[in-house]
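Source file work02.pdb; content: PDB, C-alpha atoms.
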```
MODEL        1
ATOM      1  CA  MET A  29     -44.647  45.421  12.891
ATOM      2  CA  SER A  30     -47.243  44.747  15.579
ATOM      3  CA  GLY A  31     -45.375  42.902  18.295
ATOM      4  CA  VAL A  32     -46.954  40.374  20.634
ATOM      5  CA  VAL A  33     -46.628  41.361  24.306
ATOM      6  CA  THR A  34     -46.789  38.664  26.966
ATOM      7  CA  GLY A  35     -48.144  39.059  30.486
ATOM      8  CA  ASP A  36     -44.602  39.652  31.765
ATOM      9  CA  ALA A  37     -44.222  42.732  29.528
ATOM     10  CA  VAL A  38     -41.867  40.917  27.144
ATOM     11  CA  VAL A  39     -42.235  42.010  23.543
ATOM     12  CA  LEU A  40     -42.029  38.977  21.271
ATOM     13  CA  GLY A  41     -40.582  39.455  17.798
ATOM     14  CA  LEU A  42     -43.604  37.994  15.977
ATOM     15  CA  ARG A  43     -44.979  39.533  12.817
ATOM     16  CA  PRO A  44     -48.698  38.962  12.269
ATOM     17  CA  ALA A  45     -49.512  37.562   8.833
ATOM     18  CA  ARG A  46     -51.491  39.746   6.479
ATOM     19  CA  VAL A  47     -54.356  38.946   4.138
ATOM     20  CA  PRO A  48     -52.377  38.044   0.945
ATOM     21  CA  SER A  49     -50.181  35.426   2.614
ATOM     22  CA  ARG A  50     -53.072  34.028   4.630
ATOM     23  CA  ALA A  51     -55.272  33.851   1.524
ATOM     24  CA  LEU A  52     -52.567  31.967  -0.369
ATOM     25  CA  ALA A  53     -52.113  29.506   2.508
ATOM     26  CA  LEU A  54     -55.881  29.036   2.731
ATOM     27  CA  CYS A  55     -56.136  28.345  -1.003
ATOM     28  CA  ILE A  56     -53.448  25.665  -0.736
ATOM     29  CA  ASP A  57     -55.193  24.065   2.246
ATOM     30  CA  LEU A  58     -58.600  24.127   0.556
ATOM     31  CA  ALA A  59     -57.175  22.642  -2.644
ATOM     32  CA  VAL A  60     -55.637  19.758  -0.707
ATOM     33  CA  VAL A  61     -58.729  19.195   1.444
ATOM     34  CA  PHE A  62     -61.185  19.316  -1.458
ATOM     35  CA  THR A  63     -59.030  16.942  -3.503
ATOM     36  CA  VAL A  64     -59.048  14.449  -0.637
ATOM     37  CA  TYR A  65     -62.780  15.018  -0.137
ATOM     38  CA  VAL A  66     -63.589  14.340  -3.788
ATOM     39  CA  LEU A  67     -61.536  11.151  -3.809
ATOM     40  CA  ILE A  68     -63.151   9.916  -0.602
ATOM     41  CA  THR A  69     -66.622  10.834  -1.872
ATOM     42  CA  LEU A  70     -66.106   8.860  -5.093
ATOM     43  CA  GLY A  71     -64.870   5.869  -3.140
ATOM     44  CA  LEU A  72     -67.804   6.021  -0.741
ATOM     45  CA  ALA A  73     -70.265   6.400  -3.625
ATOM     46  CA  LEU A  74     -68.990   3.178  -5.154
ATOM     47  CA  ALA A  75     -68.926   1.410  -1.800
ATOM     48  CA  THR A  76     -72.449   2.508  -0.767
ATOM     49  CA  ALA A  77     -74.164   2.074  -4.135
ATOM     50  CA  SER A  78     -76.269  -0.768  -2.744
ATOM     51  CA  LEU A  79     -77.539   1.275   0.238
ATOM     52  CA  ASP A  80     -80.728   3.299   0.289
ATOM     53  CA  GLU A  81     -80.874   7.065  -0.171
ATOM     54  CA  ALA A  82     -80.992   7.881   3.570
ATOM     55  CA  ALA A  83     -77.882   5.834   4.289
ATOM     56  CA  GLN A  84     -76.014   7.450   1.418
ATOM     57  CA  MET A  85     -76.986  10.910   2.718
ATOM     58  CA  ALA A  86     -75.734  10.012   6.218
ATOM     59  CA  VAL A  87     -72.437   8.779   4.801
ATOM     60  CA  SER A  88     -72.062  11.973   2.762
ATOM     61  CA  ILE A  89     -72.659  14.201   5.802
ATOM     62  CA  ALA A  90     -70.210  12.164   7.883
ATOM     63  CA  SER A  91     -67.528  12.386   5.205
ATOM     64  CA  PHE A  92     -68.095  16.157   4.909
ATOM     65  CA  LEU A  93     -67.658  16.685   8.635
ATOM     66  CA  LEU A  94     -64.665  14.375   8.960
ATOM     67  CA  VAL A  95     -62.713  15.607   5.937
ATOM     68  CA  LEU A  96     -63.595  19.299   5.584
ATOM     69  CA  VAL A  97     -63.936  20.063   9.303
ATOM     70  CA  GLY A  98     -62.206  17.352  11.314
ATOM     71  CA  ALA A  99     -59.088  16.997   9.168
ATOM     72  CA  PRO A 100     -57.976  20.670   9.430
ATOM     73  CA  ILE A 101     -58.569  20.597  13.189
ATOM     74  CA  ALA A 102     -56.491  17.428  13.580
ATOM     75  CA  VAL A 103     -53.680  18.782  11.384
ATOM     76  CA  GLU A 104     -53.428  22.084  13.301
ATOM     77  CA  THR A 105     -53.519  20.254  16.644
ATOM     78  CA  LEU A 106     -50.828  17.714  15.780
ATOM     79  CA  SER A 107     -48.566  20.198  13.990
ATOM     80  CA  HIS A 108     -49.080  22.975  16.584
ATOM     81  CA  GLY A 109     -50.611  25.406  14.108
ATOM     82  CA  ARG A 110     -48.832  24.527  10.864
ATOM     83  CA  SER A 111     -50.962  23.200   8.022
ATOM     84  CA  LEU A 112     -49.605  22.429   4.562
ATOM     85  CA  GLY A 113     -50.513  25.854   3.233
ATOM     86  CA  LYS A 114     -49.062  27.636   6.238
ATOM     87  CA  MET A 115     -45.817  25.657   6.023
ATOM     88  CA  ALA A 116     -45.539  26.567   2.324
ATOM     89  CA  CYS A 117     -46.064  30.271   3.096
ATOM     90  CA  GLY A 118     -43.996  30.342   6.273
ATOM     91  CA  LEU A 119     -46.949  30.962   8.620
ATOM     92  CA  ARG A 120     -47.992  29.497  11.939
ATOM     93  CA  VAL A 121     -50.973  29.736  14.309
ATOM     94  CA  VAL A 122     -49.997  30.684  17.882
ATOM     95  CA  ARG A 123     -51.800  31.862  20.984
ATOM     96  CA  ASP A 124     -52.123  35.527  21.836
ATOM     97  CA  ASP A 125     -49.145  35.217  24.194
ATOM     98  CA  GLY A 126     -46.976  33.547  21.528
ATOM     99  CA  GLY A 127     -47.325  29.961  22.823
ATOM    100  CA  PRO A 128     -48.329  26.908  20.759
ATOM    101  CA  ILE A 129     -52.025  26.211  20.250
ATOM    102  CA  ARG A 130     -53.876  23.205  21.629
ATOM    103  CA  PHE A 131     -56.902  21.170  20.612
ATOM    104  CA  ARG A 132     -59.443  23.634  21.952
ATOM    105  CA  HIS A 133     -57.921  26.473  19.941
ATOM    106  CA  ALA A 134     -57.957  24.421  16.748
ATOM    107  CA  LEU A 135     -61.517  23.251  17.470
ATOM    108  CA  VAL A 136     -62.868  26.789  17.844
ATOM    109  CA  ARG A 137     -61.025  27.966  14.724
ATOM    110  CA  GLY A 138     -62.327  25.027  12.700
ATOM    111  CA  ALA A 139     -65.916  25.363  13.929
ATOM    112  CA  VAL A 140     -66.075  29.088  13.188
ATOM    113  CA  GLY A 141     -64.253  28.515   9.888
ATOM    114  CA  VAL A 142     -67.178  26.411   8.613
ATOM    115  CA  VAL A 143     -69.339  29.541   8.701
ATOM    116  CA  GLU A 144     -66.889  32.253   7.712
ATOM    117  CA  ILE A 145     -64.921  30.282   5.108
ATOM    118  CA  LEU A 146     -66.889  27.328   3.724
ATOM    119  CA  MET A 147     -70.439  28.710   3.835
ATOM    120  CA  THR A 148     -69.554  32.265   2.786
ATOM    121  CA  PHE A 149     -66.668  31.338   0.442
ATOM    122  CA  GLY A 150     -64.198  33.222   2.633
ATOM    123  CA  VAL A 151     -65.913  36.628   2.336
ATOM    124  CA  VAL A 152     -66.523  37.011   6.089
ATOM    125  CA  ALA A 153     -62.980  35.883   6.920
ATOM    126  CA  CYS A 154     -61.495  38.318   4.408
ATOM    127  CA  ILE A 155     -63.507  41.264   5.757
ATOM    128  CA  ALA A 156     -62.632  40.416   9.361
ATOM    129  CA  SER A 157     -58.924  40.146   8.517
ATOM    130  CA  LEU A 158     -58.956  43.511   6.759
ATOM    131  CA  VAL A 159     -60.680  45.217   9.672
ATOM    132  CA  SER A 160     -58.489  43.638  12.372
ATOM    133  CA  GLU A 161     -55.236  45.402  13.216
ATOM    134  CA  ARG A 162     -53.328  42.123  13.365
ATOM    135  CA  GLY A 163     -55.171  40.432  10.497
ATOM    136  CA  ARG A 164     -57.264  38.085  12.659
ATOM    137  CA  ARG A 165     -60.451  36.453  11.402
ATOM    138  CA  LEU A 166     -63.428  35.641  13.629
ATOM    139  CA  GLY A 167     -62.105  32.172  14.416
ATOM    140  CA  ASP A 168     -58.875  33.706  15.746
ATOM    141  CA  VAL A 169     -60.800  36.225  17.848
ATOM    142  CA  PHE A 170     -62.981  33.588  19.511
ATOM    143  CA  ALA A 171     -60.104  31.103  19.943
ATOM    144  CA  GLY A 172     -57.591  33.667  21.206
ATOM    145  CA  THR A 173     -55.069  32.873  18.465
ATOM    146  CA  LEU A 174     -52.978  34.733  15.926
ATOM    147  CA  VAL A 175     -51.398  33.761  12.619
ATOM    148  CA  VAL A 176     -47.782  34.943  12.508
ATOM    149  CA  ARG A 177     -44.899  34.766  10.073
ATOM    150  CA  GLU A 178     -42.138  32.312  10.887
ATOM    151  CA  ARG A 179     -39.610  33.145   8.165
ATOM    152  CA  VAL A 180     -38.669  36.731   8.962
ATOM    153  CA  PRO A 181     -35.276  38.452   8.673
ATOM    154  CA  VAL A 182     -33.345  38.704  11.912
ATOM    155  CA  ALA A 183     -33.224  42.267  13.142
ATOM    156  CA  ARG A 184     -29.996  43.914  14.211
ATOM    157  CA  GLY A 185     -29.294  43.794  17.893
ATOM    158  CA  ALA A 186     -31.383  40.632  18.390
ATOM    159  CA  ALA A 187     -28.394  38.513  19.407
ATOM    160  CA  VAL A 188     -28.018  37.392  22.983
ATOM    161  CA  PRO A 189     -25.445  39.622  24.738
ATOM    162  CA  PRO A 190     -22.335  37.816  26.003
ATOM    163  CA  PRO A 191     -22.043  37.078  29.725
ATOM    164  CA  PRO A 192     -19.751  39.159  31.931
ATOM    165  CA  PRO A 193     -16.090  38.142  31.640
ATOM    166  CA  TRP A 194     -15.843  37.278  35.344
ATOM    167  CA  LEU A 195     -18.536  34.583  34.834
ATOM    168  CA  ALA A 196     -16.676  32.816  32.022
ATOM    169  CA  GLY A 197     -16.430  29.102  32.818
ATOM    170  CA  ARG A 198     -18.362  29.319  36.099
ATOM    171  CA  PHE A 199     -21.183  27.083  34.809
ATOM    172  CA  ALA A 200     -19.191  24.432  32.957
ATOM    173  CA  GLY A 201     -20.300  21.701  35.372
ATOM    174  CA  LEU A 202     -23.984  22.668  35.337
ATOM    175  CA  ASP A 203     -26.469  19.978  34.228
ATOM    176  CA  LEU A 204     -28.724  21.585  31.595
ATOM    177  CA  SER A 205     -30.423  18.424  30.337
ATOM    178  CA  ALA A 206     -33.668  19.041  32.274
ATOM    179  CA  VAL A 207     -34.203  22.607  31.042
ATOM    180  CA  PRO A 208     -37.049  22.646  28.462
ATOM    181  CA  ASP A 209     -36.850  24.510  25.170
ATOM    182  CA  GLY A 210     -39.683  26.817  26.205
ATOM    183  CA  LEU A 211     -37.690  28.150  29.142
ATOM    184  CA  TRP A 212     -34.609  28.680  26.940
ATOM    185  CA  LEU A 213     -36.785  30.674  24.523
ATOM    186  CA  GLU A 214     -38.123  32.885  27.328
ATOM    187  CA  ILE A 215     -34.607  33.524  28.643
ATOM    188  CA  ARG A 216     -33.270  34.385  25.176
ATOM    189  CA  GLN A 217     -36.171  36.765  24.534
ATOM    190  CA  TYR A 218     -35.562  38.455  27.869
ATOM    191  CA  LEU A 219     -31.821  38.857  27.272
ATOM    192  CA  THR A 220     -32.296  40.295  23.779
ATOM    193  CA  ARG A 221     -34.880  42.836  25.008
ATOM    194  CA  VAL A 222     -33.687  43.581  28.519
ATOM    195  CA  ARG A 223     -32.869  47.199  27.607
ATOM    196  CA  GLN A 224     -36.426  47.755  26.375
ATOM    197  CA  LEU A 225     -38.020  46.813  29.712
ATOM    198  CA  ASP A 226     -38.659  48.914  32.761
ATOM    199  CA  PRO A 227     -35.818  48.312  35.272
ATOM    200  CA  VAL A 228     -38.148  47.101  38.015
ATOM    201  CA  VAL A 229     -40.141  44.842  35.686
ATOM    202  CA  GLY A 230     -36.941  43.554  34.100
ATOM    203  CA  ARG A 231     -35.404  42.688  37.457
ATOM    204  CA  GLN A 232     -38.546  40.862  38.593
ATOM    205  CA  LEU A 233     -38.726  38.923  35.324
ATOM    206  CA  ALA A 234     -35.024  38.034  35.549
ATOM    207  CA  GLU A 235     -35.447  36.734  39.089
ATOM    208  CA  ARG A 236     -38.452  34.627  38.086
ATOM    209  CA  LEU A 237     -36.631  33.103  35.117
ATOM    210  CA  ALA A 238     -33.523  32.519  37.228
ATOM    211  CA  ASP A 239     -35.566  30.745  39.906
ATOM    212  CA  GLU A 240     -37.124  28.474  37.266
ATOM    213  CA  LEU A 241     -33.686  27.745  35.836
ATOM    214  CA  VAL A 242     -32.289  26.906  39.271
ATOM    215  CA  ALA A 243     -35.257  24.585  39.912
ATOM    216  CA  ARG A 244     -34.577  22.771  36.616
ATOM    217  CA  THR A 245     -30.832  22.418  37.105
ATOM    218  CA  GLY A 246     -30.983  21.565  40.804
ATOM    219  CA  THR A 247     -27.880  23.671  41.534
ATOM    220  CA  PRO A 248     -28.046  26.880  43.585
ATOM    221  CA  PRO A 249     -26.721  30.010  41.884
ATOM    222  CA  PRO A 250     -23.368  31.500  42.873
ATOM    223  CA  ALA A 251     -23.575  33.879  45.791
ATOM    224  CA  GLY A 252     -23.728  37.542  44.922
ATOM    225  CA  VAL A 253     -24.459  37.076  41.188
ATOM    226  CA  PRO A 254     -27.310  39.224  39.814
ATOM    227  CA  ALA A 255     -30.141  37.320  38.161
ATOM    228  CA  ALA A 256     -29.590  38.891  34.734
ATOM    229  CA  ASP A 257     -25.879  38.044  34.779
ATOM    230  CA  TYR A 258     -26.688  34.512  35.941
ATOM    231  CA  LEU A 259     -29.053  34.009  32.980
ATOM    232  CA  ALA A 260     -26.503  35.427  30.550
ATOM    233  CA  GLY A 261     -23.788  33.164  31.940
ATOM    234  CA  VAL A 262     -25.889  29.998  31.697
ATOM    235  CA  VAL A 263     -27.033  30.822  28.154
ATOM    236  CA  GLY A 264     -23.434  31.519  27.172
ATOM    237  CA  GLU A 265     -22.380  28.139  28.593
ATOM    238  CA  ARG A 266     -25.138  26.395  26.618
ATOM    239  CA  GLN A 267     -24.047  28.120  23.403
ATOM    240  CA  ALA A 268     -20.424  27.153  24.084
ATOM    241  CA  ARG A 269     -21.416  23.508  24.528
ATOM    242  CA  GLU A 270     -23.417  23.502  21.306
ATOM    243  CA  ALA A 271     -20.491  25.087  19.471
ATOM    244  CA  ARG A 272     -18.087  22.470  20.818
ATOM    245  CA  ARG A 273     -20.417  19.642  19.793
ATOM    246  CA  ALA A 274     -20.914  21.111  16.340
ATOM    247  CA  PHE A 275     -17.391  22.168  15.413
ATOM    248  CA  ALA A 276     -14.906  20.440  17.748
ATOM    249  CA  PRO A 277     -14.092  16.871  16.579
ATOM    250  CA  ALA A 278     -14.266  14.324  19.365
ATOM    251  CA  ALA A 279     -10.938  12.685  20.179
ATOM    252  CA  VAL A 280     -11.497   8.921  20.100
ATOM    253  CA  ALA A 281      -8.845   6.647  21.645
ATOM    254  CA  PRO A 282      -7.904   3.425  19.817
ATOM    255  CA  ALA A 283      -9.614   0.264  20.971
ATOM    256  CA  GLY A 284      -7.761  -1.490  23.795
ATOM    257  CA  PHE A 285      -5.713   1.547  24.783
ATOM    258  CA  GLY A 286      -6.413   3.867  27.680
ATOM    259  CA  PRO A 287      -4.863   7.164  28.714
ATOM    260  CA  GLY A 288      -1.089   7.127  28.991
ATOM    261  CA  PRO A 289       0.836   7.541  32.243
ATOM    262  CA  ALA A 290       1.379  10.982  33.632
ATOM    263  CA  VAL A 291       4.682  12.778  33.407
ATOM    264  CA  GLY A 292       7.154  11.241  35.836
ATOM    265  CA  GLN A 293       5.012   8.154  36.433
ATOM    266  CA  ALA A 294       6.365   4.652  35.888
ATOM    267  CA  PRO A 295       4.820   2.706  32.990
ATOM    268  CA  GLY A 296       2.279   0.105  34.089
ATOM    269  CA  SER A 297       1.369   1.859  37.340
ATOM    270  CA  PRO A 298      -2.237   2.995  37.906
ATOM    271  CA  PRO A 299      -3.025   6.588  36.952
ATOM    272  CA  ALA A 300      -2.703   9.125  39.695
ATOM    273  CA  PRO A 301      -5.982  10.566  41.033
ATOM    274  CA  VAL A 302      -6.929  13.980  39.851
ATOM    275  CA  GLY A 303      -7.091  16.327  42.787
ATOM    276  CA  PRO A 304      -8.402  19.850  43.135
ATOM    277  CA  GLY A 305      -6.604  22.366  41.054
ATOM    278  CA  PRO A 306      -7.113  25.165  38.542
ATOM    279  CA  HIS A 307      -9.107  24.268  35.431
ATOM    280  CA  PRO A 308      -9.580  26.445  32.348
ATOM    281  CA  TYR A 309     -13.400  25.967  32.468
ATOM    282  CA  GLY A 310     -13.939  25.728  36.234
ATOM    283  CA  GLY A 311     -15.961  22.526  35.859
ATOM    284  CA  ALA A 312     -17.134  20.043  38.466
ATOM    285  CA  GLY A 313     -14.290  18.313  40.327
ATOM    286  CA  PHE A 314     -11.917  21.247  40.017
ATOM    287  CA  ALA A 315     -11.454  24.002  42.543
ATOM    288  CA  ALA A 316      -9.861  27.375  42.006
ATOM    289  CA  PRO A 317      -6.781  28.224  44.101
ATOM    290  CA  ALA A 318      -7.663  29.748  47.467
ATOM    291  CA  GLY A 319      -5.000  32.439  47.634
ATOM    292  CA  PRO A 320      -3.715  34.955  45.129
ATOM    293  CA  VAL A 321      -2.127  33.424  42.056
ATOM    294  CA  GLU A 322       1.506  34.263  41.349
ATOM    295  CA  HIS A 323       2.733  34.522  37.771
ATOM    296  CA  ALA A 324       6.347  34.292  36.778
ATOM    297  CA  ALA A 325       7.710  37.689  35.801
ATOM    298  CA  PRO A 326      10.597  38.186  33.394
ATOM    299  CA  GLY A 327      13.847  37.329  35.155
ATOM    300  CA  GLY A 328      12.467  34.550  37.351
ATOM    301  CA  ALA A 329      10.759  36.698  40.023
ATOM    302  CA  SER A 330       7.127  36.052  40.952
ATOM    303  CA  ALA A 331       4.655  38.933  40.828
ATOM    304  CA  PRO A 332       1.586  38.489  43.062
ATOM    305  CA  VAL A 333      -1.768  39.151  41.451
ATOM    306  CA  PRO A 334      -4.354  40.800  43.736
ATOM    307  CA  PRO A 335      -7.543  38.806  44.323
ATOM    308  CA  ALA A 336     -10.779  39.668  42.509
ATOM    309  CA  PRO A 337     -13.015  42.289  44.180
ATOM    310  CA  PRO A 338     -15.771  40.852  46.388
ATOM    311  CA  ALA A 339     -19.190  40.269  44.768
ATOM    312  CA  PRO A 340     -22.120  42.546  45.716
ATOM    313  CA  PRO A 341     -24.332  41.306  48.583
ATOM    314  CA  ALA A 342     -27.152  38.919  47.612
ATOM    315  CA  SER A 343     -30.811  39.827  47.821
ATOM    316  CA  PRO A 344     -32.419  38.216  50.906
ATOM    317  CA  SER A 345     -35.608  37.286  49.007
ATOM    318  CA  THR A 346     -34.366  35.430  45.940
ATOM    319  CA  GLY A 347     -30.633  34.928  46.479
ATOM    320  CA  PHE A 348     -29.690  37.089  43.488
ATOM    321  CA  ALA A 349     -27.868  40.374  43.931
ATOM    322  CA  PRO A 350     -29.347  43.523  42.405
ATOM    323  CA  PRO A 351     -27.462  44.912  39.402
ATOM    324  CA  ALA A 352     -24.732  47.401  40.186
TER
ENDMDL
END
```
Can the structure from this file be put into structure tokens for me?
Amino acid sequence: MSGVVTGDAVVLGLRPARVPSRALALCIDLAVVFTVYVLITLGLALATASLDEAAQMAVSIASFLLVLVGAPIAVETLSHGRSLGKMACGLRVVRDDGGPIRFRHALVRGAVGVVEILMTFGVVACIASLVSERGRRLGDVFAGTLVVRERVPVARGAAVPPPPPWLAGRFAGLDLSAVPDGLWLEIRQYLTRVRQLDPVVGRQLAERLADELVARTGTPPPAGVPAADYLAGVVGERQAREARRAFAPAAVAPAGFGPGPAVGQAPGSPPAPVGPGPHPYGGAGFAAPAGPVEHAAPGGASAPVPPAPPAPPASPSTGFAPPA
């Protein structure tokens, strides 16, 4: 497997597509495009039968450029690198750094593909893919793109590690609606490959991702929390929310009925305000007790629990503490 390495030294788990799968996807695309081209050509021939020979030739050239060249470029641009053949074979066109392609990438690939695929019947593209280490044709080389496999088995150890236990529930009140999917993907890739990175590079990358996450959420990180632990805690909170939405049924109150009175409250009186107090998730509006918590021991006596050890000092540059 030839992994794709980004500029931040993160190894992406992308498998470049080889010649057989790319050839099959190309055959499917060419079959669809040529079928559409033949149908459009027949329709234009009937519609332009009354025109002179020069006008018919101009219409034929325009239809060739629009259908055989323009259509693949438009499809790859709108689908972010997934044509019909590539979707059938589980392939996708991405940039060299693993990001989605844009119009200029699809335009260069389509323009070069006229020469190496249509005019040479795919011989030049096949030779270039066999010579290239990652199976790239000339259009991919000039456009800075790569065709990768999307449907690949998940390797062992690729799961996101759980957050530290002392961070459980610390981010329950965090607003994650403004965090884009691209940033979540970068954070997940970092957390799954943090042990493969150099410690200095990994710490710098964690601080950069944590700063971007803080800018998106608008909430400063907890004091003394390392950047890697902060990322793991936020990702764990996001996974917990998705799990609750997917598996926990929502409790819907009957129409016309509100929450019942609290214990010891007279019926018909307004509900008592919720004040600060311990909360199992530590969400917004709840504060943890200031002093040590006492638990009832067998026999009625109370056994004091010592407070948690102080967090390590924060880094003066980014606000995140270095890992212990």
### Task
Would you work out the distance separating CA of Gly126 (chain A) from CA of Gly109 (chain A), expressed in Å to one decimal?
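Value for the CA of Gly126 (chain A)-CA of Gly109 (chain A) distance: 11.6 Å.
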### Query
Where does the PyMOL selection byres ((chain A and resi 225-241) around 7) land in this file, that is, which residues does it pick, as a ChimeraX atom specification?
/A:36,215,221-224,242-245,255-256,259
### Message
To one decimal place in Å, what is the distance between CA of Asp57 (chain A) and CA of Ala116 (chain A)?
### Response
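Going from CA of Asp57 (chain A) over to CA of Ala116 (chain A), I get 10.0 Å.
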### Message
I'd like the neighbourhood of Ile155 (chain A) as a ChimeraX atom specification, where a residue qualifies if any of its atoms comes within 12 Å (using only C-alpha atoms), though same-chain residues fewer than 5 positions away should be ignored.
### Response
/A:47,51,144-145,148-150,160-161,163-166
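Within 8 Å of the point (-60.6, 29.7, 15.3), counting all atoms listed in the file, the protein and nucleic acid residues come to His133, Ala134, Leu135, Val136, Arg137, Gly138, Ala139, Val140, Gly141, Arg165, Leu166, Gly167, Asp168, Val169, Phe170, Ala171, Gly172 and Thr173 of chain A.
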### Message
Which residues are close to Ile56 (chain A), i.e. within 7 Å by only C-alpha atoms, leaving aside same-chain residues fewer than 4 positions away? Reply as a PyMOL selection string.
### Response
chain A and resi 52+60+113
Expected file: the selected residues, C-alpha atoms, as a tab-separated table (two decimals), in the coordinates of the input:
```tsv
chain	number	residue	atom	x	y	z
A	52	LEU	CA	-52.57	31.97	-0.37
A	60	VAL	CA	-55.64	19.76	-0.71
A	113	GLY	CA	-50.51	25.85	3.23
```
### Task
Decode the PyMOL selection byres ((chain A and resi 216) around 9) for the given file into explicit residues and return them as number ranges by chain.
A: 187-188, 211-215, 217-221, 259-260, 263
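Taking CA of Cys55 (chain A) as the reference point, CA of Val143 (chain A) is found at 16.4 Å.
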### Message
Please determine, counting all atoms listed in the file, which residue among A:Leu54, A:Ile68, A:Glu265, A:Pro250 has the shortest atom-to-atom distance to Phe92 (chain A).
### Response
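The shortest atom-to-atom distance to Phe92 (chain A) comes from A:Ile68.
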### Residues in the PyMOL selection byres ((chain A and resi 69-76) around 12), expressed as a PyMOL selection string
chain A and resi 61-68+77-92+94-96
### Query
Counting all atoms listed in the file, which of A:Ala251, A:Val262, A:Ala274, A:Ile129 gets nearest to Glu104 (chain A)?
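Answer, going by the shortest atom-to-atom distance: A:Ile129.
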Per-axis box centre and lengths in Å around region 142-161 of chain A, 8 Å margin per side, axis-aligned, as AutoDock Vina command-line options:
```
--center_x -62.8 --center_y 35.9 --center_z 6.8 --size_x 31.2 --size_y 35.0 --size_z 28.8
```
